[in-house]
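The file entry.cif contains mmCIF, C-alpha atoms and all ligand atoms:
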data_work
#
loop_
_atom_site.label_atom_id
_atom_site.label_comp_id
_atom_site.auth_asym_id
_atom_site.auth_seq_id
_atom_site.Cartn_x
_atom_site.Cartn_y
_atom_site.Cartn_z
CA MET Y 1 0.00 0.00 0.00
CA TYR Y 2 1.32 3.47 -0.81
CA ILE Y 3 0.47 7.12 -1.42
CA ASP Y 4 2.03 9.01 -4.34
CA PRO Y 5 1.91 12.59 -3.02
CA HIS Y 6 3.13 14.29 -6.22
CA VAL Y 7 2.04 13.02 -9.61
CA HIS Y 8 0.64 14.85 -12.66
CA MET Y 9 -2.11 12.49 -13.76
CA VAL Y 10 -3.53 14.90 -16.37
CA SER Y 11 -0.45 13.86 -18.40
CA ARG Y 12 -0.86 10.13 -17.80
CA THR Y 13 -3.07 7.48 -19.30
CA THR Y 14 -5.86 5.53 -17.69
CA ASP Y 15 -3.57 2.49 -17.94
CA ASP Y 16 -1.22 4.27 -15.55
CA TYR Y 17 -4.02 4.62 -13.01
CA GLN Y 18 -4.69 0.93 -13.35
CA ARG Y 19 -1.03 -0.05 -12.94
CA MET Y 20 -0.66 2.25 -9.92
CA ALA Y 21 -3.75 0.71 -8.31
CA LEU Y 22 -2.38 -2.78 -8.96
CA ALA Y 23 0.92 -1.75 -7.32
CA GLY Y 24 -0.95 -0.67 -4.17
CA CYS Y 25 -1.62 3.04 -4.68
CA VAL Y 26 -4.60 4.18 -2.58
CA ALA Y 27 -4.32 7.98 -2.82
CA ILE Y 28 -2.50 10.65 -4.78
CA THR Y 29 -2.09 14.41 -4.74
CA GLU Y 30 -1.64 16.35 -7.97
CA PRO Y 31 -0.04 19.80 -7.93
CA ALA Y 32 -0.80 22.32 -10.68
CA PHE Y 33 2.20 22.59 -13.02
CA TRP Y 34 3.50 23.66 -16.43
CA ALA Y 35 1.82 21.96 -19.38
CA GLY Y 36 5.00 21.97 -21.49
CA TYR Y 37 3.80 25.15 -23.22
CA ASP Y 38 2.60 28.51 -21.90
CA ARG Y 39 -1.17 28.92 -21.64
CA SER Y 40 -2.39 31.84 -23.72
CA SER Y 41 -4.88 33.22 -21.19
CA PRO Y 42 -5.96 32.98 -17.53
CA ALA Y 43 -9.05 31.16 -18.84
CA GLY Y 44 -6.70 28.31 -19.79
CA PHE Y 45 -5.85 27.98 -16.11
CA PHE Y 46 -9.52 28.15 -15.13
CA ASP Y 47 -10.19 25.11 -17.32
CA TYR Y 48 -7.10 23.33 -15.94
CA PHE Y 49 -8.33 23.93 -12.35
CA ARG Y 50 -11.70 22.44 -13.32
CA GLN Y 51 -9.93 19.40 -14.74
CA LEU Y 52 -7.94 19.01 -11.49
CA THR Y 53 -10.91 19.45 -9.17
CA ASP Y 54 -13.70 17.78 -11.12
CA PHE Y 55 -12.65 15.39 -13.88
CA GLU Y 56 -9.44 13.89 -12.50
CA PRO Y 57 -10.92 12.75 -9.14
CA LYS Y 58 -13.60 10.83 -11.08
CA ARG Y 59 -11.00 9.18 -13.31
CA ALA Y 60 -8.96 8.11 -10.26
CA ALA Y 61 -12.04 6.85 -8.41
CA GLN Y 62 -12.61 4.23 -11.13
CA PHE Y 63 -9.51 2.48 -9.76
CA GLY Y 64 -10.21 3.05 -6.07
CA ILE Y 65 -7.61 5.84 -5.88
CA ARG Y 66 -8.45 9.01 -3.94
CA HIS Y 67 -7.39 12.08 -5.92
CA HIS Y 68 -6.51 15.43 -4.30
CA THR Y 69 -5.01 18.57 -5.77
CA TRP Y 70 -3.01 21.76 -5.18
CA LEU Y 71 -3.61 24.97 -7.14
CA CYS Y 72 -1.29 27.75 -8.37
CA ILE Y 73 0.39 29.18 -11.42
CA ASN Y 74 3.70 27.34 -11.68
CA PRO Y 75 7.02 29.26 -11.59
CA LYS Y 76 7.79 28.53 -15.27
CA GLU Y 77 4.84 30.80 -16.21
CA ALA Y 78 5.48 33.39 -13.51
CA GLU Y 79 7.81 35.66 -15.48
CA ASP Y 80 4.84 37.92 -16.41
CA PRO Y 81 3.56 39.14 -13.00
CA VAL Y 82 0.39 40.80 -14.36
CA PHE Y 83 -0.71 37.58 -16.07
CA ALA Y 84 0.29 35.48 -13.05
CA LYS Y 85 -1.73 37.64 -10.64
CA GLU Y 86 -4.82 37.25 -12.83
CA VAL Y 87 -4.42 33.48 -12.48
CA ILE Y 88 -3.90 33.71 -8.70
CA ALA Y 89 -7.16 35.67 -8.47
CA LEU Y 90 -8.98 32.61 -9.90
CA ILE Y 91 -7.82 30.31 -7.09
CA PRO Y 92 -10.06 31.35 -4.14
CA GLN Y 93 -13.27 30.23 -5.87
CA PHE Y 94 -11.83 26.69 -6.08
CA LEU Y 95 -10.80 26.51 -2.43
CA LYS Y 96 -14.24 25.31 -1.39
CA CYS Y 97 -13.66 22.08 -3.34
CA GLU Y 98 -13.20 19.27 -0.81
CA THR Y 99 -10.22 17.79 -2.67
CA VAL Y 100 -8.11 20.96 -2.76
CA LEU Y 101 -5.36 20.57 -0.13
CA GLY Y 102 -3.51 23.84 -0.58
CA ILE Y 103 -1.26 25.95 -2.80
CA GLY Y 104 1.29 24.20 -5.04
CA GLU Y 105 3.53 23.49 -6.65
CA ILE Y 106 4.85 27.01 -6.19
CA GLY Y 107 8.47 28.03 -5.99
CA LEU Y 108 11.17 29.17 -8.38
CA ASN Y 109 12.49 28.04 -11.77
CA LYS Y 110 15.37 30.32 -12.81
CA ASN Y 111 15.48 32.30 -9.53
CA SER Y 112 14.33 35.57 -11.09
CA ARG Y 113 12.84 38.63 -9.37
CA ASN Y 114 9.46 38.15 -11.07
CA GLU Y 115 9.30 34.51 -10.00
CA LEU Y 116 10.03 35.61 -6.42
CA GLU Y 117 7.26 38.22 -6.57
CA ILE Y 118 4.73 35.58 -7.66
CA LEU Y 119 5.99 33.08 -5.09
CA ASP Y 120 5.38 35.74 -2.45
CA ALA Y 121 1.83 36.38 -3.72
CA HIS Y 122 1.07 32.65 -3.45
CA LEU Y 123 2.52 32.47 0.06
CA ALA Y 124 0.31 35.40 1.09
CA LEU Y 125 -2.73 33.56 -0.27
CA ALA Y 126 -1.79 30.41 1.65
CA ALA Y 127 -1.27 32.39 4.86
CA GLU Y 128 -4.59 34.23 4.42
CA HIS Y 129 -6.55 30.97 4.00
CA ASP Y 130 -4.41 28.88 6.39
CA LEU Y 131 -3.52 26.37 3.63
CA LEU Y 132 -0.79 23.75 3.27
CA VAL Y 133 1.97 24.62 0.79
CA LEU Y 134 3.77 22.33 -1.68
CA VAL Y 135 6.99 23.84 -3.03
CA HIS Y 136 8.80 23.04 -6.28
CA THR Y 137 12.55 23.69 -6.16
CA PRO Y 138 14.45 24.56 -9.37
CA HIS Y 139 16.21 22.12 -11.65
CA LEU Y 140 19.86 21.11 -11.74
CA GLU Y 141 22.34 23.98 -11.25
CA ASP Y 142 19.59 26.34 -10.04
CA LYS Y 143 18.33 24.12 -7.19
CA LEU Y 144 20.75 25.05 -4.40
CA LYS Y 145 20.33 28.80 -4.82
CA GLY Y 146 16.57 28.52 -5.40
CA THR Y 147 16.01 26.36 -2.32
CA ARG Y 148 17.76 28.98 -0.17
CA LEU Y 149 15.78 31.87 -1.70
CA ILE Y 150 12.50 29.97 -1.24
CA MET Y 151 13.17 29.18 2.43
CA ASP Y 152 13.98 32.85 3.07
CA ALA Y 153 10.78 33.94 1.28
CA ILE Y 154 8.67 31.59 3.43
CA ARG Y 155 10.32 32.86 6.59
CA ASN Y 156 9.06 36.37 5.73
CA HIS Y 157 5.50 35.07 6.26
CA SER Y 158 5.33 34.59 10.01
CA LYS Y 159 1.85 33.04 9.73
CA LEU Y 160 3.23 30.10 7.72
CA ASP Y 161 4.33 27.21 9.95
CA PRO Y 162 7.28 25.33 8.33
CA GLY Y 163 5.64 22.11 9.54
CA ARG Y 164 2.81 22.80 7.08
CA VAL Y 165 5.15 23.41 4.11
CA LEU Y 166 6.72 20.60 2.06
CA ILE Y 167 9.76 21.47 -0.05
CA ASP Y 168 9.97 19.01 -2.91
CA HIS Y 169 12.68 17.68 -5.23
CA VAL Y 170 15.41 17.77 -2.55
CA GLU Y 171 18.70 16.00 -3.27
CA GLU Y 172 21.89 15.32 -1.30
CA HIS Y 173 22.91 19.01 -1.24
CA THR Y 174 19.54 20.43 -0.13
CA VAL Y 175 17.89 17.84 2.11
CA ARG Y 176 19.78 18.78 5.32
CA PRO Y 177 19.13 22.56 5.24
CA VAL Y 178 15.42 21.97 4.45
CA LEU Y 179 14.92 19.57 7.37
CA GLU Y 180 17.01 21.69 9.75
CA ARG Y 181 14.71 24.66 9.17
CA GLY Y 182 11.67 22.62 10.19
CA PHE Y 183 10.16 22.00 6.74
CA TRP Y 184 9.01 18.70 5.34
CA ALA Y 185 11.06 17.45 2.37
CA GLY Y 186 10.13 15.41 -0.70
CA MET Y 187 12.37 13.32 -2.93
CA THR Y 188 11.33 12.92 -6.55
CA LEU Y 189 12.28 9.68 -8.26
CA TYR Y 190 13.14 10.43 -11.89
CA PRO Y 191 15.05 8.29 -14.39
CA ASP Y 192 17.59 10.98 -15.44
CA THR Y 193 17.40 13.98 -13.13
CA LYS Y 194 16.58 14.41 -9.43
CA CYS Y 195 16.83 11.12 -7.41
CA THR Y 196 16.97 7.46 -8.36
CA PRO Y 197 15.29 4.99 -5.97
CA GLN Y 198 18.79 3.92 -4.86
CA ARG Y 199 19.87 7.46 -3.97
CA ALA Y 200 16.57 8.14 -2.22
CA VAL Y 201 17.13 5.12 0.02
CA ASP Y 202 20.74 6.29 0.61
CA ILE Y 203 19.30 9.64 1.76
CA PHE Y 204 16.94 7.87 4.19
CA GLU Y 205 19.94 6.00 5.59
CA MET Y 206 21.97 9.20 5.95
CA HIS Y 207 19.27 11.62 7.12
CA GLY Y 208 16.58 9.46 8.73
CA THR Y 209 12.93 9.15 7.81
CA GLU Y 210 11.38 12.02 9.80
CA ARG Y 211 9.47 14.62 7.70
CA LEU Y 212 10.62 13.00 4.43
CA TRP Y 213 8.54 11.47 1.65
CA ILE Y 214 9.05 10.08 -1.86
CA ASN Y 215 7.04 10.72 -5.00
CA SER Y 216 7.14 9.91 -8.71
CA ALA Y 217 6.25 13.39 -10.02
CA GLY Y 218 5.10 11.42 -13.08
CA ASP Y 219 4.27 13.88 -15.87
CA TRP Y 220 4.53 14.35 -19.67
CA GLY Y 221 8.35 14.01 -19.62
CA ASN Y 222 10.70 11.13 -18.94
CA SER Y 223 9.20 9.89 -15.66
CA ASP Y 224 7.79 6.75 -14.05
CA PRO Y 225 4.39 6.62 -12.31
CA LEU Y 226 5.50 3.40 -10.58
CA ALA Y 227 8.63 4.96 -9.07
CA VAL Y 228 7.30 4.83 -5.49
CA PRO Y 229 6.66 1.06 -5.45
CA LYS Y 230 10.07 0.60 -7.10
CA ALA Y 231 11.67 2.50 -4.19
CA GLN Y 232 9.72 0.28 -1.79
CA ILE Y 233 11.29 -2.75 -3.50
CA GLU Y 234 14.76 -1.18 -3.24
CA MET Y 235 14.29 -0.63 0.52
CA LYS Y 236 13.05 -4.16 1.09
CA ALA Y 237 15.85 -5.67 -1.01
CA ARG Y 238 18.43 -3.86 1.13
CA GLY Y 239 16.89 -5.35 4.25
CA HIS Y 240 15.02 -2.35 5.64
CA THR Y 241 12.02 -3.23 7.81
CA LEU Y 242 8.49 -3.20 6.48
CA ASP Y 243 7.76 -0.51 9.11
CA SER Y 244 10.40 1.77 7.55
CA VAL Y 245 9.07 1.14 4.05
CA ARG Y 246 5.54 1.94 5.19
CA LYS Y 247 6.69 5.04 7.04
CA VAL Y 248 8.23 6.78 4.02
CA SER Y 249 5.66 5.70 1.44
CA PHE Y 250 2.46 5.84 3.49
CA ASP Y 251 2.63 7.09 7.11
CA ASN Y 252 4.67 10.24 6.39
CA PRO Y 253 2.54 11.54 3.50
CA LEU Y 254 -0.58 10.66 5.49
CA LYS Y 255 0.68 12.67 8.47
CA PHE Y 256 1.62 15.77 6.47
CA LEU Y 257 -1.42 15.78 4.19
CA SER Y 258 -3.89 15.11 7.02
CA GLN Y 259 -3.06 18.57 8.37
CA SER Y 260 -5.32 19.86 5.59
CA GLY Y 261 -8.36 18.21 7.18
CA ARG Y 262 -9.31 17.03 3.69
CA PHE Y 263 -6.96 14.20 2.81
CA ARG Y 264 -8.65 10.79 2.58
CA ILE Y 265 -7.47 7.31 1.67
CA ALA Y 266 -10.92 5.67 1.70
CA MET B 1 16.69 4.99 11.71
CA LEU B 2 18.45 8.36 11.86
CA SER B 3 21.79 8.14 10.04
CA SER B 4 22.02 4.36 10.06
CA PRO B 5 24.38 2.33 7.87
CA PRO B 6 22.78 0.31 5.06
CA PRO B 7 21.55 -3.05 6.38
CA LEU B 8 23.78 -4.64 3.72
CA SER B 9 27.42 -5.61 4.33
CA LYS B 10 30.11 -4.04 2.17
CA ARG B 11 30.34 -7.27 0.17
CA ALA B 12 26.58 -7.34 -0.32
CA VAL B 13 26.63 -3.71 -1.54
CA VAL B 14 29.24 -4.67 -4.13
CA ASP B 15 27.37 -7.82 -5.15
CA ARG B 16 24.14 -5.88 -5.61
CA TYR B 17 25.40 -2.74 -7.35
CA PHE B 18 28.79 -3.42 -8.98
CA LEU B 19 27.63 -4.33 -12.48
CA GLU B 20 25.20 -1.40 -12.62
CA HIS B 21 27.97 1.08 -11.78
CA ARG B 22 30.59 -0.65 -13.90
CA ALA B 23 28.26 0.09 -16.80
CA LYS B 24 27.90 3.73 -15.73
CA VAL B 25 31.69 4.23 -15.60
CA LEU B 26 31.88 2.80 -19.11
CA ASP B 27 29.18 5.22 -20.22
CA ILE B 28 31.23 8.17 -18.95
CA ALA B 29 34.40 6.80 -20.57
CA ALA B 30 32.64 6.30 -23.91
CA PHE B 31 31.03 9.75 -23.68
CA LEU B 32 34.45 11.40 -23.21
CA ASP B 33 35.87 9.32 -26.09
CA ARG B 34 32.91 10.33 -28.29
CA PHE B 35 33.45 13.97 -27.35
CA ASP B 36 37.17 13.71 -28.25
CA ARG B 37 36.39 12.06 -31.60
CA ALA B 38 33.75 14.64 -32.56
CA GLN B 39 34.80 17.65 -34.63
CA GLY B 40 33.79 21.29 -34.89
CA GLU B 41 32.95 23.81 -32.20
CA GLY B 42 32.48 23.03 -28.51
CA ALA B 43 35.96 21.88 -27.48
CA ASP B 44 35.84 24.18 -24.43
CA ASP B 45 32.24 23.35 -23.41
CA PHE B 46 31.83 24.19 -19.70
CA ARG B 47 29.67 21.10 -19.12
CA VAL B 48 32.45 18.72 -20.10
CA ALA B 49 34.92 20.65 -17.95
CA ALA B 50 32.45 20.34 -15.05
CA LEU B 51 32.10 16.60 -15.63
CA ARG B 52 35.89 16.19 -15.46
CA ASP B 53 35.91 18.12 -12.16
CA CYS B 54 33.18 15.79 -10.86
CA CYS B 55 35.31 12.76 -11.74
CA ALA B 56 38.11 14.21 -9.60
CA VAL B 57 35.72 14.35 -6.62
CA LEU B 58 35.04 10.64 -7.00
CA LEU B 59 38.74 9.89 -6.49
CA ASP B 60 39.65 12.25 -3.66
CA GLY B 61 38.93 9.68 -0.95
CA LYS B 62 36.64 11.99 1.05
CA PRO B 63 33.01 11.25 2.07
CA ASP B 64 29.73 12.84 0.85
CA ARG B 65 30.72 12.56 -2.81
CA ALA B 66 27.13 12.88 -4.09
CA ARG B 67 26.53 16.10 -2.12
CA ARG B 68 29.87 17.54 -3.20
CA VAL B 69 29.31 16.68 -6.89
CA LEU B 70 25.93 18.42 -6.76
CA GLU B 71 27.51 21.46 -5.12
CA LEU B 72 30.19 21.53 -7.82
CA LEU B 73 27.41 21.65 -10.43
CA SER B 74 25.42 24.38 -8.60
CA ASP B 75 25.07 28.13 -8.97
CA HIS B 76 26.46 29.56 -5.72
CA SER B 77 25.37 33.16 -6.27
CA THR B 78 22.82 34.48 -3.77
CA GLU B 79 20.87 37.31 -5.46
CA PRO B 80 17.82 36.72 -7.69
CA ILE B 81 18.49 37.44 -11.37
CA ALA B 82 16.75 40.29 -13.21
CA LYS B 83 14.87 38.13 -15.72
CA ALA B 84 14.62 34.41 -16.52
CA PRO B 85 16.64 33.92 -19.77
CA MET B 86 15.04 30.53 -20.56
CA LYS B 87 12.87 27.90 -18.89
CA GLY B 88 15.34 25.01 -18.79
CA ALA B 89 18.66 24.37 -17.05
CA THR B 90 22.00 23.12 -18.40
CA GLY B 91 23.10 20.98 -15.45
CA ALA B 92 26.38 22.78 -14.78
CA ILE B 93 27.74 26.26 -14.18
CA ASP B 94 29.75 28.24 -16.72
CA ILE B 95 32.24 29.86 -14.36
CA LYS B 96 33.52 32.16 -17.13
CA THR B 97 30.14 33.81 -17.71
CA LYS B 98 28.39 33.44 -14.36
CA GLY B 99 31.10 33.84 -11.79
CA GLY B 100 29.81 30.52 -10.41
CA ASN B 101 31.69 28.78 -7.62
ZN ZN X 301 5.55 18.45 -10.27
#

Mind converting the file's structure to structure tokens?
Ligand SMILES: [Zn+2]
Amino acid sequence: MYIDPHVHMVSRTTDDYQRMALAGCVAITEPAFWAGYDRSSPAGFFDYFRQLTDFEPKRAAQFGIRHHTWLCINPKEAEDPVFAKEVIALIPQFLKCETVLGIGEIGLNKNSRNELEILDAHLALAAEHDLLVLVHTPHLEDKLKGTRLIMDAIRNHSKLDPGRVLIDHVEEHTVRPVLERGFWAGMTLYPDTKCTPQRAVDIFEMHGTERLWINSAGDWGNSDPLAVPKAQIEMKARGHTLDSVRKVSFDNPLKFLSQSGRFRIA
Amino acid sequence: MLSSPPPLSKRAVVDRYFLEHRAKVLDIAAFLDRFDRAQGEGADDFRVAALRDCCAVLLDGKPDRARRVLELLSDHSTEPIAKAPMKGATGAIDIKTKGGN
């Protein structure tokens, strides 16, 4: 049994839902993200939010998987602050949906001033509505700097409790500072970038299993919606206890997400 | 299980992972050979220089190699940039143009 707390099912097939269910997936959370192209209007985001809150939960339910979501305009489309703020203004009307857990995945992409301004606007919205936050950290060479800038930006919002913020896509150089500042941390299991299942299990061995989870971040790119059960296999094959396996792939996401009051596995 | 060793013995780690990483070393060797054989521009590509620096980290005998390789490939500046020049990332830092490490 497992939870995949970060997976972009709008980009995946119904077969993927079926294979995830067969591998033991009982619940998922889907952050709003970049479609691979820039939307031409805020109305494009309105339709995307309807897909995330209405259509996708029904598709998941066919396989006994509980679907939840996070809303935002992702940092890759945040370079135009006027456009981005029009999208942010659409979010409050969706917050009454029972499957919306919070704001995400917000953060930075190239660590620009405009991206920071829009990150800050999202954080203000989360603070105002007392919502959980799911943070995307930048890719490759931009991750270390971006993770530091993001943690500083969150600290400027005294209403935001770090224990209600998960900073995702951590790797060996960012996991320690994120955990030390009281945040939750997520490891994304990707074939080429971010973490492999082997490195994720190394990180558990080096940094413990408190406030850490794993996810597939399956999307339209080179990714694997079965990455979480593959990491479970890697842990078991190394001789880790079933309790440890369950903790990182089920208990930890359950604990963090339940703070929303809306997360359900049945 | 805070900071615990792998449940596997050293021998078991080798048995389980050696062939996988033997193949990855060969991939790096063949990539550098391919790069040397190729012609035209790009001889001074900063990404290849960064990869060679990463290989040196692997051999320095010190711990935390994965963290240190990632740090070697990271932008260490601290101020946000004026405008995002692109959406993607290259995977390494061009010290000549960015000031980098
Ligand atoms: Zn994502």

Would you pick out the contacts of Gly36 in chain Y at 10 Å or less, using only C-alpha atoms, so that residues sharing its chain but fewer than 5 positions from it are not included, and give the list as a compact mmCIF listing (two decimals) with C-alpha atoms, in the frame of the given file?
# COMPACT_ATOMS: atom_id res chain seq x y z
CA LYS Y 76 7.79 28.53 -15.27
CA ASP Y 219 4.27 13.88 -15.87
CA TRP Y 220 4.53 14.35 -19.67
CA GLY Y 221 8.35 14.01 -19.62

Next on the checklist: Can you tell me which residues surround Thr14 in chain Y at a distance of at most 12 Å, considering all atoms listed in the file, apart from same-chain residues fewer than 5 positions away, and format the answer as a ChimeraX atom specification?
Outcome noted: /Y:9,19-21,56,58-63,65,225

Sorted per-residue table, chain B near chain Y, closest atoms and distance, 8 Å, only C-alpha atoms, as a Markdown table:
| residue | atom | partner | partner_atom | distance |
| --- | --- | --- | --- | --- |
| B:Met1 | CA | Y:Gly208 | CA | 5.4 |
| B:Leu2 | CA | Y:Gly208 | CA | 3.8 |
| B:Ser3 | CA | Y:Met206 | CA | 4.2 |
| B:Ser4 | CA | Y:Glu205 | CA | 5.2 |
| B:Pro5 | CA | Y:Glu205 | CA | 6.2 |
| B:Pro6 | CA | Y:Glu205 | CA | 6.4 |
| B:Pro7 | CA | Y:Gly239 | CA | 5.6 |
| B:Leu8 | CA | Y:Arg238 | CA | 6.0 |
| B:Ala66 | CA | Y:Glu172 | CA | 6.4 |
| B:Arg67 | CA | Y:His173 | CA | 4.7 |
| B:Arg68 | CA | Y:His173 | CA | 7.4 |
| B:Leu70 | CA | Y:His173 | CA | 6.3 |
| B:Glu71 | CA | Y:His173 | CA | 6.5 |
| B:Leu73 | CA | Y:Glu141 | CA | 5.6 |
| B:Ser74 | CA | Y:Glu141 | CA | 4.1 |
| B:Asp75 | CA | Y:Glu141 | CA | 5.5 |
| B:His76 | CA | Y:Lys145 | CA | 6.2 |
| B:Ser77 | CA | Y:Lys145 | CA | 6.8 |
| B:Thr78 | CA | Y:Lys145 | CA | 6.3 |
| B:Pro80 | CA | Y:Ser112 | CA | 5.0 |
| B:Ile81 | CA | Y:Ser112 | CA | 4.6 |
| B:Ala82 | CA | Y:Ser112 | CA | 5.7 |
| B:Lys83 | CA | Y:Ser112 | CA | 5.3 |
| B:Ala84 | CA | Y:Ser112 | CA | 5.6 |
| B:Pro85 | CA | Y:Lys110 | CA | 7.9 |
| B:Met86 | CA | Y:Lys110 | CA | 7.8 |
| B:Lys87 | CA | Y:Lys76 | CA | 6.3 |
| B:Gly88 | CA | Y:His139 | CA | 7.8 |
| B:Ala89 | CA | Y:His139 | CA | 6.3 |
| B:Thr90 | CA | Y:Glu141 | CA | 7.2 |
| B:Gly91 | CA | Y:Leu140 | CA | 4.9 |
| B:Ala92 | CA | Y:Glu141 | CA | 5.5 |
| B:Ile93 | CA | Y:Glu141 | CA | 6.6 |

Residues within 9 Å of ligand ZN 301 (chain X), counting all atoms listed in the file: report them as a tab-separated table (two decimals) with C-alpha atoms, keeping the file's coordinate frame.
chain	number	residue	atom	x	y	z
Y	6	HIS	CA	3.13	14.29	-6.22
Y	7	VAL	CA	2.04	13.02	-9.61
Y	8	HIS	CA	0.64	14.85	-12.66
Y	30	GLU	CA	-1.64	16.35	-7.97
Y	31	PRO	CA	-0.04	19.80	-7.93
Y	32	ALA	CA	-0.80	22.32	-10.68
Y	33	PHE	CA	2.20	22.59	-13.02
Y	34	TRP	CA	3.50	23.66	-16.43
Y	104	GLY	CA	1.29	24.20	-5.04
Y	105	GLU	CA	3.53	23.49	-6.65
Y	136	HIS	CA	8.80	23.04	-6.28
Y	168	ASP	CA	9.97	19.01	-2.91
Y	169	HIS	CA	12.68	17.68	-5.23
Y	188	THR	CA	11.33	12.92	-6.55
Y	216	SER	CA	7.14	9.91	-8.71
Y	217	ALA	CA	6.25	13.39	-10.02
Y	218	GLY	CA	5.10	11.42	-13.08
Y	219	ASP	CA	4.27	13.88	-15.87

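If all atoms listed in the file are the atoms counted, then among Y:Gly44, Y:His157, Y:Pro5, Y:Leu212 the closest residue to Leu90 in chain Y is Y:Gly44.
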
Next on the checklist: When you count all atoms listed in the file, which of these residues is closest to Lys85 in chain Y: Y:Ile118, Y:Leu123, Y:Ile106, Y:Leu160?
Outcome noted: Y:Ile118

Name the residues, using the chain letters and numbers of the file, that sit within 8 Å of (11.1, 26.6, 1.9) when counting all atoms listed in the file, and give them as a compact mmCIF listing (two decimals) with C-alpha atoms, keeping the file's coordinate frame.
# COMPACT_ATOMS: atom_id res chain seq x y z
CA VAL Y 135 6.99 23.84 -3.03
CA THR Y 147 16.01 26.36 -2.32
CA ARG Y 148 17.76 28.98 -0.17
CA LEU Y 149 15.78 31.87 -1.70
CA ILE Y 150 12.50 29.97 -1.24
CA MET Y 151 13.17 29.18 2.43
CA ASP Y 152 13.98 32.85 3.07
CA ALA Y 153 10.78 33.94 1.28
CA ILE Y 154 8.67 31.59 3.43
CA ARG Y 155 10.32 32.86 6.59
CA PRO Y 162 7.28 25.33 8.33
CA VAL Y 165 5.15 23.41 4.11
CA LEU Y 166 6.72 20.60 2.06
CA ILE Y 167 9.76 21.47 -0.05
CA VAL Y 178 15.42 21.97 4.45
CA PHE Y 183 10.16 22.00 6.74

Next on the checklist: Can you tell me which residues surround Pro42 in chain Y at a distance of at most 9 Å, considering all atoms listed in the file, apart from same-chain residues fewer than 5 positions away, and format the answer as a PyMOL selection string?
Outcome noted: chain Y and resi 47+83-84+86-87+90

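Atom to atom, CA of Asp36 in chain B and CA of Arg22 in chain B stand 21.3 Å apart.
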
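For the atom pair formed by CA of Val69 in chain B and CA of Ala49 in chain B, the distance is 13.0 Å, given to one decimal.
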
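Going from CA of Asp120 in chain Y to CA of Trp184 in chain Y covers 19.1 Å.
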
Item to check | Counting all atoms listed in the file, the option among Y:Cys72, Y:Ala23, Y:Val82, Y:Ala126 closest to Ile233 in chain Y | outcome: Y:Ala23
